[in-house]
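Containing CSV, C-alpha atoms: entry_3.csv.
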chain,number,residue,atom,x,y,z
A,81,MET,CA,23.1,7.0,12.0
A,82,ILE,CA,20.1,5.3,13.5
A,83,ARG,CA,20.6,1.6,14.2
A,84,LEU,CA,17.3,0.4,15.6
A,85,LYS,CA,16.0,-3.2,15.9
A,86,TRP,CA,12.2,-3.1,15.7
A,87,THR,CA,10.5,-4.9,18.5
A,88,MET,CA,7.0,-4.8,20.1
A,89,ALA,CA,8.5,-2.8,23.0
A,90,ILE,CA,9.6,-0.1,20.6
A,91,LEU,CA,6.2,-0.1,18.9
A,92,LEU,CA,4.5,0.5,22.2
A,93,ILE,CA,6.6,3.6,22.7
A,94,GLY,CA,4.6,5.2,20.0
A,95,LEU,CA,3.4,6.0,16.5
A,96,GLY,CA,3.7,9.7,16.2
A,97,CYS,CA,2.0,12.7,14.7
A,98,LEU,CA,4.4,15.4,15.6
A,99,TRP,CA,5.1,19.1,15.5
A,100,GLY,CA,3.4,20.6,18.6
A,101,CYS,CA,0.0,19.5,17.4
A,102,GLY,CA,-1.5,19.0,20.9
A,103,SER,CA,-2.3,21.7,23.4
A,104,PRO,CA,-0.5,21.6,26.8
A,105,GLU,CA,-3.8,20.3,28.3
A,106,THR,CA,-4.4,17.4,25.9
A,107,LYS,CA,-0.9,16.6,24.9
A,108,GLU,CA,-2.1,15.0,21.7
A,109,ILE,CA,0.2,13.7,18.9
A,110,ARG,CA,-1.8,13.7,15.7
A,111,VAL,CA,-1.5,11.3,12.9
A,112,GLY,CA,-3.5,11.5,9.6
A,113,VAL,CA,-4.6,8.4,7.7
A,114,ASN,CA,-5.4,8.9,4.0
A,115,ALA,CA,-7.0,5.7,3.0
A,116,GLU,CA,-9.1,4.1,0.2
A,117,LEU,CA,-12.1,3.3,2.4
A,118,THR,CA,-14.6,3.4,-0.5
A,119,GLY,CA,-14.3,3.1,-4.2
A,120,SER,CA,-12.9,0.2,-6.1
A,121,LYS,CA,-10.4,-1.0,-3.4
A,122,PRO,CA,-12.1,-0.8,0.0
A,123,THR,CA,-10.2,-3.8,1.3
A,124,VAL,CA,-7.0,-1.7,0.9
A,125,GLY,CA,-8.4,1.2,2.9
A,126,ASP,CA,-9.9,-1.1,5.6
A,127,SER,CA,-6.5,-2.8,6.1
A,128,CYS,CA,-4.7,0.5,6.4
A,129,LYS,CA,-7.2,1.9,8.8
A,130,ASN,CA,-7.2,-1.2,11.0
A,131,ALA,CA,-3.5,-1.4,11.3
A,132,ALA,CA,-3.2,2.3,12.1
A,133,GLU,CA,-5.9,2.0,14.8
A,134,LEU,CA,-4.2,-1.1,16.2
A,135,MET,CA,-0.9,0.7,16.6
A,136,ALA,CA,-2.5,3.9,18.1
A,137,ALA,CA,-4.4,1.8,20.6
A,138,GLN,CA,-1.3,-0.1,21.7
A,139,VAL,CA,0.7,3.2,22.0
A,140,ASN,CA,-2.0,4.7,24.2
A,141,GLN,CA,-2.5,1.7,26.3
A,142,ALA,CA,1.2,1.8,27.1
A,143,GLY,CA,0.9,5.4,28.3
A,144,GLY,CA,1.6,7.2,25.0
A,145,LEU,CA,4.8,8.5,23.5
A,146,LYS,CA,7.4,10.3,25.6
A,147,VAL,CA,8.8,13.3,23.8
A,148,GLY,CA,10.9,16.1,25.5
A,149,GLY,CA,10.1,14.7,28.9
A,150,LYS,CA,6.3,14.7,28.4
A,151,GLN,CA,3.9,12.0,27.5
A,152,TYR,CA,1.7,12.4,24.5
A,153,LEU,CA,-1.3,10.2,23.4
A,154,ILE,CA,-1.9,9.4,19.8
A,155,LYS,CA,-5.0,10.7,18.1
A,156,LEU,CA,-5.8,9.5,14.6
A,157,TYR,CA,-7.6,11.6,12.0
A,158,ILE,CA,-8.9,9.3,9.3
A,159,GLU,CA,-10.0,10.5,5.8
A,160,ASP,CA,-11.6,8.5,3.0
A,161,ASN,CA,-9.9,9.3,-0.3
A,162,GLU,CA,-12.6,7.3,-2.2
A,163,ASP,CA,-9.8,5.8,-4.3
A,164,LYS,CA,-9.8,9.0,-6.4
A,165,ALA,CA,-6.7,11.2,-7.1
A,166,GLU,CA,-8.6,14.4,-6.5
A,167,SER,CA,-10.0,13.2,-3.2
A,168,ALA,CA,-6.6,11.9,-2.1
A,169,ALA,CA,-5.2,15.4,-2.6
A,170,ALA,CA,-8.2,17.0,-0.9
A,171,SER,CA,-7.9,14.6,2.1
A,172,ALA,CA,-4.2,15.4,2.5
A,173,GLN,CA,-5.0,19.1,2.4
A,174,LYS,CA,-7.7,18.7,5.0
A,175,LEU,CA,-5.5,16.7,7.3
A,176,ILE,CA,-2.8,19.4,7.1
A,177,SER,CA,-4.9,22.6,7.2
A,178,GLN,CA,-7.8,21.6,9.4
A,179,ASN,CA,-6.5,18.8,11.6
A,180,ASN,CA,-2.9,20.1,11.9
A,181,VAL,CA,-1.2,16.7,11.6
A,182,LEU,CA,2.5,16.5,10.9
A,183,ALA,CA,2.5,13.0,9.5
A,184,ILE,CA,0.2,11.2,7.2
A,185,LEU,CA,0.0,7.4,6.6
A,186,GLY,CA,-1.2,6.8,3.1
A,187,PRO,CA,-2.5,6.9,0.5
A,188,ASN,CA,-1.8,3.4,-0.7
A,189,ALA,CA,-2.6,3.1,-4.4
A,190,SER,CA,0.0,5.0,-6.4
A,191,GLY,CA,-2.6,6.9,-8.4
A,192,ASN,CA,-3.8,8.4,-5.1
A,193,ALA,CA,-0.4,8.7,-3.4
A,194,ILE,CA,1.3,10.7,-6.2
A,195,PRO,CA,-1.1,13.7,-6.0
A,196,ALA,CA,-1.2,13.6,-2.2
A,197,ALA,CA,2.6,13.5,-2.0
A,198,ARG,CA,2.7,16.9,-3.9
A,199,ILE,CA,0.5,18.4,-1.2
A,200,CYS,CA,2.5,17.1,1.6
A,201,GLU,CA,5.8,18.1,0.1
A,202,ASP,CA,4.7,21.6,-0.5
A,203,ALA,CA,3.5,21.9,3.1
A,204,GLY,CA,6.6,20.2,4.6
A,205,VAL,CA,4.5,17.5,6.1
A,206,ILE,CA,5.8,13.9,6.4
A,207,MET,CA,3.9,11.4,4.4
A,208,ILE,CA,4.6,7.7,4.5
A,209,SER,CA,2.8,5.6,1.9
A,210,PRO,CA,2.5,2.0,3.1
A,211,TRP,CA,1.8,0.4,-0.4
A,212,SER,CA,2.6,2.9,-3.2
A,213,THR,CA,5.4,1.3,-5.3
A,214,ASN,CA,5.4,3.8,-8.2
A,215,PRO,CA,8.7,5.8,-8.2
A,216,LYS,CA,6.9,9.1,-8.9
A,217,THR,CA,5.5,9.0,-5.3
A,218,THR,CA,8.8,10.0,-3.7
A,219,GLU,CA,10.7,11.3,-6.7
A,220,GLY,CA,12.3,14.6,-6.0
A,221,LYS,CA,10.7,15.0,-2.6
A,222,LYS,CA,12.2,15.3,0.9
A,223,PHE,CA,9.2,14.8,3.1
A,224,VAL,CA,7.6,11.8,1.3
A,225,PHE,CA,8.6,8.2,2.2
A,226,ARG,CA,7.2,4.7,1.7
A,227,ALA,CA,7.4,1.4,3.6
A,228,CYS,CA,7.4,-0.8,0.5
A,229,PHE,CA,9.8,-1.5,-2.3
A,230,ILE,CA,9.4,0.3,-5.7
A,231,ASP,CA,8.2,-0.9,-9.1
A,232,ASP,CA,11.6,-1.1,-10.9
A,233,PHE,CA,12.8,-3.6,-8.2
A,234,GLN,CA,9.5,-5.5,-8.4
A,235,GLY,CA,9.5,-5.5,-12.2
A,236,ARG,CA,13.1,-6.8,-12.2
A,237,VAL,CA,12.2,-9.5,-9.6
A,238,MET,CA,9.3,-10.9,-11.7
A,239,ALA,CA,11.2,-10.6,-15.0
A,240,LYS,CA,14.1,-12.6,-13.4
A,241,PHE,CA,11.6,-15.1,-12.0
A,242,ALA,CA,10.0,-15.7,-15.4
A,243,ARG,CA,13.4,-16.1,-17.1
A,244,GLU,CA,15.2,-18.2,-14.5
A,245,ASN,CA,12.6,-20.1,-12.5
A,246,LEU,CA,10.0,-20.6,-15.2
A,247,GLN,CA,12.7,-20.7,-17.9
A,248,THR,CA,10.5,-19.0,-20.5
A,249,PRO,CA,11.9,-17.1,-23.4
A,250,THR,CA,8.6,-15.3,-24.1
A,251,ALA,CA,6.1,-13.3,-22.1
A,252,ALA,CA,2.8,-11.4,-22.5
A,253,VAL,CA,1.5,-8.5,-20.4
A,254,LEU,CA,-2.0,-7.2,-19.8
A,255,TYR,CA,-2.3,-4.0,-17.8
A,256,ASP,CA,-4.5,-1.0,-17.0
A,257,VAL,CA,-3.1,1.8,-19.1
A,258,ALA,CA,-4.8,4.5,-17.0
A,259,SER,CA,-3.2,3.5,-13.7
A,260,GLU,CA,0.2,4.8,-12.7
A,261,TYR,CA,0.9,1.6,-10.8
A,262,ASN,CA,-0.2,-0.9,-13.4
A,263,LYS,CA,1.4,0.9,-16.3
A,264,GLY,CA,4.7,1.6,-14.5
A,265,ILE,CA,5.3,-2.0,-13.4
A,266,ALA,CA,4.3,-3.4,-16.8
A,267,GLU,CA,6.9,-1.2,-18.5
A,268,PHE,CA,9.6,-2.2,-16.0
A,269,PHE,CA,8.8,-5.9,-16.4
A,270,LYS,CA,9.1,-5.5,-20.2
A,271,GLN,CA,12.3,-3.6,-19.9
A,272,PHE,CA,14.0,-6.1,-17.6
A,273,PHE,CA,12.6,-9.2,-19.3
A,274,GLU,CA,14.0,-8.2,-22.6
A,275,ALA,CA,17.3,-7.1,-21.1
A,276,ALA,CA,17.6,-10.6,-19.7
A,277,GLY,CA,17.3,-12.0,-23.3
A,278,GLY,CA,13.5,-12.7,-23.3
A,279,LYS,CA,10.9,-11.3,-25.7
A,280,VAL,CA,7.6,-9.7,-24.8
A,281,VAL,CA,5.3,-11.0,-27.6
A,282,ALA,CA,2.2,-9.2,-26.6
A,283,PHE,CA,1.8,-6.0,-24.5
A,284,GLU,CA,-1.9,-5.4,-24.2
A,285,SER,CA,-3.8,-2.7,-22.2
A,286,TYR,CA,-7.3,-2.0,-20.9
A,287,THR,CA,-8.8,0.8,-18.9
A,288,LYS,CA,-10.3,0.9,-15.4
A,289,ASP,CA,-13.7,-0.8,-14.9
A,290,ASP,CA,-13.4,-2.9,-18.0
A,291,LYS,CA,-14.9,-6.4,-17.4
A,292,ASP,CA,-14.4,-8.1,-20.8
A,293,PHE,CA,-10.8,-8.8,-21.7
A,294,SER,CA,-11.5,-11.3,-24.5
A,295,SER,CA,-10.1,-9.0,-27.2
A,296,GLN,CA,-6.8,-8.6,-25.6
A,297,LEU,CA,-6.6,-12.2,-24.4
A,298,THR,CA,-7.3,-13.4,-27.9
A,299,ILE,CA,-4.3,-11.5,-29.1
A,300,ILE,CA,-2.2,-12.9,-26.2
A,301,LYS,CA,-3.3,-16.5,-27.0
A,302,ALA,CA,-2.3,-16.1,-30.6
A,303,ALA,CA,1.2,-14.9,-29.5
A,304,ASN,CA,1.6,-18.1,-27.5
A,305,PRO,CA,3.6,-16.7,-24.6
A,306,GLY,CA,5.5,-18.8,-22.1
A,307,VAL,CA,4.1,-16.6,-19.2
A,308,LEU,CA,1.4,-14.0,-18.7
A,309,PHE,CA,2.1,-11.1,-16.4
A,310,LEU,CA,-0.8,-9.3,-14.8
A,311,PRO,CA,0.4,-6.3,-12.7
A,312,ASN,CA,-3.2,-5.5,-11.8
A,313,TYR,CA,-5.3,-5.1,-8.6
A,314,TYR,CA,-6.8,-8.0,-6.6
A,315,ASN,CA,-10.4,-7.0,-7.7
A,316,GLU,CA,-9.5,-7.2,-11.4
A,317,VAL,CA,-7.1,-10.2,-11.6
A,318,PRO,CA,-9.7,-12.9,-10.9
A,319,LEU,CA,-11.8,-12.1,-14.0
A,320,GLN,CA,-8.6,-11.8,-16.1
A,321,VAL,CA,-7.3,-15.2,-15.0
A,322,GLN,CA,-10.7,-16.9,-15.4
A,323,GLN,CA,-11.2,-15.4,-18.9
A,324,ALA,CA,-7.6,-16.4,-19.9
A,325,ARG,CA,-8.2,-20.0,-18.8
A,326,ARG,CA,-11.6,-20.2,-20.6
A,327,LEU,CA,-9.9,-19.0,-23.8
A,328,GLY,CA,-7.4,-21.8,-23.5
A,329,ILE,CA,-4.3,-19.8,-22.5
A,330,PRO,CA,-2.3,-22.6,-20.7
A,331,CYS,CA,0.9,-20.7,-19.6
A,332,PRO,CA,1.8,-19.8,-16.0
A,333,ILE,CA,0.3,-16.6,-14.8
A,334,ILE,CA,2.2,-14.3,-12.5
A,335,GLY,CA,1.5,-11.0,-10.8
A,336,SER,CA,2.6,-8.3,-8.5
A,337,ASP,CA,2.0,-7.1,-4.9
A,338,SER,CA,-1.4,-5.7,-5.9
A,339,TRP,CA,-2.6,-9.4,-5.7
A,340,GLY,CA,-2.0,-9.5,-2.0
A,341,SER,CA,-5.5,-9.3,-0.6
A,342,ALA,CA,-7.2,-12.5,0.6
A,343,GLU,CA,-10.3,-11.4,-1.4
A,344,LEU,CA,-8.3,-12.4,-4.5
A,345,LEU,CA,-8.7,-16.1,-3.5
A,346,GLY,CA,-12.4,-16.0,-3.0
A,347,LEU,CA,-13.0,-14.1,-6.2
A,348,GLY,CA,-10.6,-16.1,-8.4
A,349,GLY,CA,-11.3,-19.6,-7.1
A,350,PRO,CA,-9.6,-22.6,-8.7
A,351,ALA,CA,-8.5,-20.6,-11.8
A,352,LEU,CA,-5.7,-19.1,-9.6
A,353,GLU,CA,-4.2,-22.4,-8.6
A,354,GLY,CA,-0.4,-22.4,-9.3
A,355,CYS,CA,-0.1,-18.7,-10.0
A,356,TYR,CA,2.8,-16.7,-8.5
A,357,PHE,CA,3.1,-13.1,-7.4
A,358,SER,CA,5.7,-10.8,-5.7
A,359,THR,CA,4.8,-9.2,-2.4
A,360,HIS,CA,6.1,-7.8,0.8
A,361,TYR,CA,5.9,-10.6,3.4
A,362,ALA,CA,4.8,-14.1,3.9
A,363,ALA,CA,2.7,-15.0,6.9
A,364,ASP,CA,3.8,-18.7,6.8
A,365,ILE,CA,7.5,-17.8,7.4
A,366,ALA,CA,6.8,-14.8,9.7
A,367,THR,CA,9.5,-13.6,12.1
A,368,PRO,CA,8.7,-13.2,15.8
A,369,THR,CA,8.0,-9.5,15.2
A,370,ALA,CA,5.6,-10.4,12.4
A,371,GLN,CA,4.0,-13.3,14.4
A,372,LYS,CA,3.2,-10.9,17.2
A,373,PHE,CA,1.6,-8.5,14.8
A,374,ILE,CA,-0.4,-11.2,13.1
A,375,LYS,CA,-1.7,-12.5,16.4
A,376,ASP,CA,-2.6,-9.0,17.7
A,377,TYR,CA,-4.4,-8.1,14.4
A,378,GLU,CA,-6.3,-11.4,14.4
A,379,THR,CA,-7.4,-10.9,18.0
A,380,LYS,CA,-8.7,-7.4,17.3
A,381,TYR,CA,-10.3,-7.9,13.9
A,382,GLY,CA,-10.9,-11.6,13.5
A,383,LYS,CA,-9.0,-12.0,10.3
A,384,LYS,CA,-5.4,-12.3,9.1
A,385,PRO,CA,-3.6,-9.1,8.1
A,386,ASP,CA,-2.7,-8.6,4.4
A,387,ASP,CA,0.3,-6.9,3.1
A,388,VAL,CA,-1.3,-3.4,3.3
A,389,ALA,CA,-2.0,-3.9,7.0
A,390,ALA,CA,1.6,-5.1,7.6
A,391,LEU,CA,3.1,-2.2,5.6
A,392,THR,CA,0.9,0.3,7.5
A,393,TYR,CA,2.1,-1.1,10.7
A,394,ASP,CA,5.7,-0.7,9.5
A,395,ALA,CA,5.1,2.8,8.2
A,396,GLY,CA,4.0,3.8,11.7
A,397,GLY,CA,7.0,2.0,13.2
A,398,LEU,CA,9.4,3.9,11.0
A,399,LEU,CA,7.7,7.1,12.1
A,400,CYS,CA,7.9,6.1,15.8
A,401,ALA,CA,11.6,5.3,15.4
A,402,ALA,CA,12.2,8.7,13.8
A,403,ILE,CA,10.3,10.6,16.6
A,404,THR,CA,12.3,8.7,19.3
A,405,GLN,CA,15.6,9.6,17.6
A,406,ALA,CA,14.6,13.3,17.0
A,407,GLY,CA,13.4,13.8,20.6
A,408,ALA,CA,11.2,16.7,19.6
A,409,LEU,CA,7.9,17.4,17.9
A,410,ASP,CA,9.6,19.2,15.0
A,411,ARG,CA,8.9,18.5,11.4
A,412,LYS,CA,12.4,19.0,10.1
A,413,LYS,CA,14.1,17.0,12.9
A,414,VAL,CA,11.8,14.1,12.5
A,415,ARG,CA,12.1,14.1,8.7
A,416,ASP,CA,15.9,14.1,9.0
A,417,ALA,CA,15.8,11.2,11.6
A,418,LEU,CA,13.5,9.2,9.3
A,419,ALA,CA,15.8,9.7,6.3
A,420,ALA,CA,18.8,8.5,8.4
A,421,ILE,CA,17.4,5.2,9.5
A,422,GLN,CA,20.0,2.5,8.7
A,423,GLU,CA,18.7,-0.6,10.4
A,424,PHE,CA,15.0,-1.2,11.0
A,425,GLN,CA,13.4,-4.7,11.5
A,426,GLY,CA,9.7,-4.5,10.8
A,427,VAL,CA,6.9,-6.9,10.1
A,428,THR,CA,7.8,-6.9,6.4
A,429,GLY,CA,11.5,-7.4,7.0
A,430,GLN,CA,14.6,-5.4,7.4
A,431,MET,CA,14.9,-2.1,5.7
A,432,LYS,CA,16.9,1.1,5.6
A,433,PHE,CA,16.9,4.5,3.8
A,434,GLN,CA,19.8,5.6,1.7
A,435,GLY,CA,19.5,9.1,0.1
A,436,SER,CA,15.7,8.9,-0.8
A,437,GLY,CA,12.3,8.1,0.6
A,438,ASP,CA,12.5,4.6,-0.8
A,439,PRO,CA,13.6,1.8,1.6
A,440,ILE,CA,16.1,-0.8,0.6
A,441,LYS,CA,14.4,-4.1,1.4
A,442,SER,CA,13.7,-7.5,0.1
A,443,ALA,CA,10.7,-9.0,-1.7
A,444,VAL,CA,9.1,-12.4,-1.4
A,445,ILE,CA,7.3,-14.5,-4.0
A,446,LEU,CA,4.2,-16.4,-3.1
A,447,GLN,CA,2.5,-19.2,-4.9
A,448,ILE,CA,-1.2,-20.0,-4.7
A,449,LYS,CA,-1.7,-23.6,-3.8
A,450,ASP,CA,-4.8,-25.3,-2.4
A,451,GLY,CA,-6.6,-22.0,-2.3
A,452,LYS,CA,-4.0,-20.3,0.0
A,453,PHE,CA,-0.9,-18.1,-0.3
A,454,HIS,CA,2.3,-20.1,0.3
A,455,TYR,CA,5.9,-18.8,0.5
A,456,PHE,CA,8.0,-19.7,-2.5
A,457,SER,CA,11.2,-17.7,-2.3
A,458,SER,CA,12.8,-14.4,-1.1
A,459,VAL,CA,14.6,-11.9,-3.4
A,460,GLN,CA,17.2,-9.5,-2.0
A,461,PRO,CA,17.7,-6.0,-3.4
Can you turn what I pasted into structure tokens?
Amino acid sequence: MIRLKWTMAILLIGLGCLWGCGSPETKEIRVGVNAELTGSKPTVGDSCKNAAELMAAQVNQAGGLKVGGKQYLIKLYIEDNEDKAESAAASAQKLISQNNVLAILGPNASGNAIPAARICEDAGVIMISPWSTNPKTTEGKKFVFRACFIDDFQGRVMAKFARENLQTPTAAVLYDVASEYNKGIAEFFKQFFEAAGGKVVAFESYTKDDKDFSSQLTIIKAANPGVLFLPNYYNEVPLQVQQARRLGIPCPIIGSDSWGSAELLGLGGPALEGCYFSTHYAADIATPTAQKFIKDYETKYGKKPDDVAALTYDAGGLLCAAITQAGALDRKKVRDALAAIQEFQGVTGQMKFQGSGDPIKSAVILQIKDGKFHYFSSVQP
């Protein structure tokens, strides 16, 4: 059993790519990063890349990672998956076959993480997705992990919030039917909301790249829900909220962790005021571990880290802890050490693994007030 308190000192020991990837001369430890650098969610990929590069730089500045009595420097191999499922799979394959990495951080979006996970599992390569919450990412796999909670927990959290905090008996949902993430969390929310005695009076869908939601929102308005749930990405939600308000839908609007980018605030403006969403950490109640990360990230990049950056940092931290425990650049040993972690204090809170690649951890709910994200409450698993 691994009982490890995460501190900056541990982070500086290393972020690892493992398996004897480096030659005796270079002593490199290789880590792949499979990120959405272009496509519809470039902010996600940028945050993932930045956090991974920050960690690698810190490790190397501290002298690298000591494994088996030798020091190894971290070398990142970064691939753009273009926010496409086929590109995510191809990027994973390239990182494994051409770059000889043992571990890959990412992809983040579930639609990209699921196909990449199949490639990694078949190759026996550790993959840690910072941000993919869909259960299919890790389901039935031994080498695939995540640093975030999963959609059934998040769906339950927001259903409970709607029923108990907002005290509403009815809800409506608008979601992207073509996205594994959006569709999955929408279904979980509906399941748990109705199990708690509520009624989903409208369950409307759209497809990626749609810009006009007036047809679905007209149906939702006619159903007169007590809350509208939008489990959609930060680049889609602002239009949906603005159109809902213009149509005269007055009810509270709530969302999921895909709202977590600061870009949401600039795109959505005043229409987002008062909305709530579930996510992974709150900067305004950050622990000392999180405060140090936020300060370092701001110093390096000139902006606050979002949840993807924080989760990427934690994904690397989990990997580092596993390498330290395994004491060898061996895929199987590091995988086993990662699966056995029982106490890990990261930027996004305390977590542990228990029989799967899904960590047991808490969620937070943020409210948008005065054009900023504000901590509202925490929800334990």
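In this structure, CA of Phe273 (chain A) sits 19.7 Å away from CA of Ile299 (chain A).
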In terms of the shortest atom-to-atom distance over only C-alpha atoms, which of A:Gly397, A:Gly451, A:Gly278, A:Pro439 is closest to Leu352 (chain A)?
A:Gly451
Could you name the residues that touch Thr250 (chain A) at 6 Å or less, counting only C-alpha atoms, but leaving out those on the same chain fewer than 6 positions away, as JSON, numbers by chain?
{"A": [278, 279, 280, 305, 306]}
Residues near Pro122 (chain A), cut-off 12 Å, all atoms listed in the file, skip fewer than 2 positions along chain, as number ranges by chain:
A: 115-120, 124-129, 160-164, 188-189, 313-315, 341, 343, 388
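With all atoms listed in the file as the atoms that count, the minimum distance from Gly277 (chain A) to the choices A:Ala203, A:Val307, A:Ala137, A:Ala242 is reached by A:Ala242.
Distances to Pro195 (chain A) were evaluated for A:Thr392, A:Thr218, A:Asn180, A:Thr123 using only C-alpha atoms, and the minimum falls at A:Thr218.
The gap separating CA of Gly264 (chain A) from CA of Val281 (chain A) is 18.2 Å, in Å to one decimal.
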As a PyMOL selection string, please: the residues near Gln296 (chain A) (cut-off 10 Å, all atoms listed in the file, same-chain neighbours under 3 positions excluded).
chain A and resi 253-254+282-286+292-293+299-301+324
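Nearest-residue note for Ile109 (chain A): choosing from A:Ile199, A:Met135, A:Ala239, A:Val147, the minimum distance belongs to A:Val147, counting only C-alpha atoms.
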Since the input has fewer atoms than a full residue there, write region 395-413 of chain A out with N, CA and C atoms, as a PDB file, keeping the file's coordinate frame.
ATOM      1  N   ALA A 395       4.981   1.373   8.496  1.00  0.00           N
ATOM      2  CA  ALA A 395       5.100   2.800   8.200  1.00  0.00           C
ATOM      3  C   ALA A 395       4.992   3.577   9.562  1.00  0.00           C
ATOM      4  N   GLY A 396       4.071   3.167  10.425  1.00  0.00           N
ATOM      5  CA  GLY A 396       4.000   3.800  11.700  1.00  0.00           C
ATOM      6  C   GLY A 396       5.208   3.502  12.584  1.00  0.00           C
ATOM      7  N   GLY A 397       5.760   2.295  12.456  1.00  0.00           N
ATOM      8  CA  GLY A 397       7.000   2.000  13.200  1.00  0.00           C
ATOM      9  C   GLY A 397       8.152   2.796  12.805  1.00  0.00           C
ATOM     10  N   LEU A 398       8.301   3.016  11.498  1.00  0.00           N
ATOM     11  CA  LEU A 398       9.400   3.900  11.000  1.00  0.00           C
ATOM     12  C   LEU A 398       9.216   5.300  11.571  1.00  0.00           C
ATOM     13  N   LEU A 399       7.986   5.776  11.574  1.00  0.00           N
ATOM     14  CA  LEU A 399       7.700   7.100  12.100  1.00  0.00           C
ATOM     15  C   LEU A 399       8.038   7.182  13.587  1.00  0.00           C
ATOM     16  N   CYS A 400       7.645   6.159  14.323  1.00  0.00           N
ATOM     17  CA  CYS A 400       7.900   6.100  15.800  1.00  0.00           C
ATOM     18  C   CYS A 400       9.432   6.118  16.016  1.00  0.00           C
ATOM     19  N   ALA A 401      10.177   5.345  15.233  1.00  0.00           N
ATOM     20  CA  ALA A 401      11.600   5.300  15.400  1.00  0.00           C
ATOM     21  C   ALA A 401      12.235   6.691  15.165  1.00  0.00           C
ATOM     22  N   ALA A 402      11.699   7.401  14.157  1.00  0.00           N
ATOM     23  CA  ALA A 402      12.200   8.700  13.800  1.00  0.00           C
ATOM     24  C   ALA A 402      11.910   9.726  14.954  1.00  0.00           C
ATOM     25  N   ILE A 403      10.701   9.666  15.529  1.00  0.00           N
ATOM     26  CA  ILE A 403      10.300  10.600  16.600  1.00  0.00           C
ATOM     27  C   ILE A 403      11.252  10.315  17.826  1.00  0.00           C
ATOM     28  N   THR A 404      11.451   9.047  18.131  1.00  0.00           N
ATOM     29  CA  THR A 404      12.300   8.700  19.300  1.00  0.00           C
ATOM     30  C   THR A 404      13.695   9.242  19.094  1.00  0.00           C
ATOM     31  N   GLN A 405      14.224   9.115  17.877  1.00  0.00           N
ATOM     32  CA  GLN A 405      15.600   9.600  17.600  1.00  0.00           C
ATOM     33  C   GLN A 405      15.609  11.142  17.632  1.00  0.00           C
ATOM     34  N   ALA A 406      14.580  11.787  17.056  1.00  0.00           N
ATOM     35  CA  ALA A 406      14.600  13.300  17.000  1.00  0.00           C
ATOM     36  C   ALA A 406      14.399  13.870  18.368  1.00  0.00           C
ATOM     37  N   GLY A 407      13.582  13.262  19.219  1.00  0.00           N
ATOM     38  CA  GLY A 407      13.400  13.800  20.600  1.00  0.00           C
ATOM     39  C   GLY A 407      12.638  15.064  20.662  1.00  0.00           C
ATOM     40  N   ALA A 408      11.959  15.419  19.586  1.00  0.00           N
ATOM     41  CA  ALA A 408      11.200  16.700  19.600  1.00  0.00           C
ATOM     42  C   ALA A 408      10.104  16.600  18.552  1.00  0.00           C
ATOM     43  N   LEU A 409       9.032  17.343  18.818  1.00  0.00           N
ATOM     44  CA  LEU A 409       7.900  17.400  17.900  1.00  0.00           C
ATOM     45  C   LEU A 409       8.206  18.496  16.856  1.00  0.00           C
ATOM     46  N   ASP A 410       9.183  18.237  16.025  1.00  0.00           N
ATOM     47  CA  ASP A 410       9.600  19.200  15.000  1.00  0.00           C
ATOM     48  C   ASP A 410       9.685  18.533  13.681  1.00  0.00           C
ATOM     49  N   ARG A 411       8.990  19.093  12.704  1.00  0.00           N
ATOM     50  CA  ARG A 411       8.900  18.500  11.400  1.00  0.00           C
ATOM     51  C   ARG A 411      10.219  18.158  10.763  1.00  0.00           C
ATOM     52  N   LYS A 412      11.072  19.145  10.728  1.00  0.00           N
ATOM     53  CA  LYS A 412      12.400  19.000  10.100  1.00  0.00           C
ATOM     54  C   LYS A 412      13.226  17.939  10.778  1.00  0.00           C
ATOM     55  N   LYS A 413      13.252  17.984  12.103  1.00  0.00           N
ATOM     56  CA  LYS A 413      14.100  17.000  12.900  1.00  0.00           C
ATOM     57  C   LYS A 413      13.597  15.602  12.677  1.00  0.00           C
TER      58      LYS A 413
END
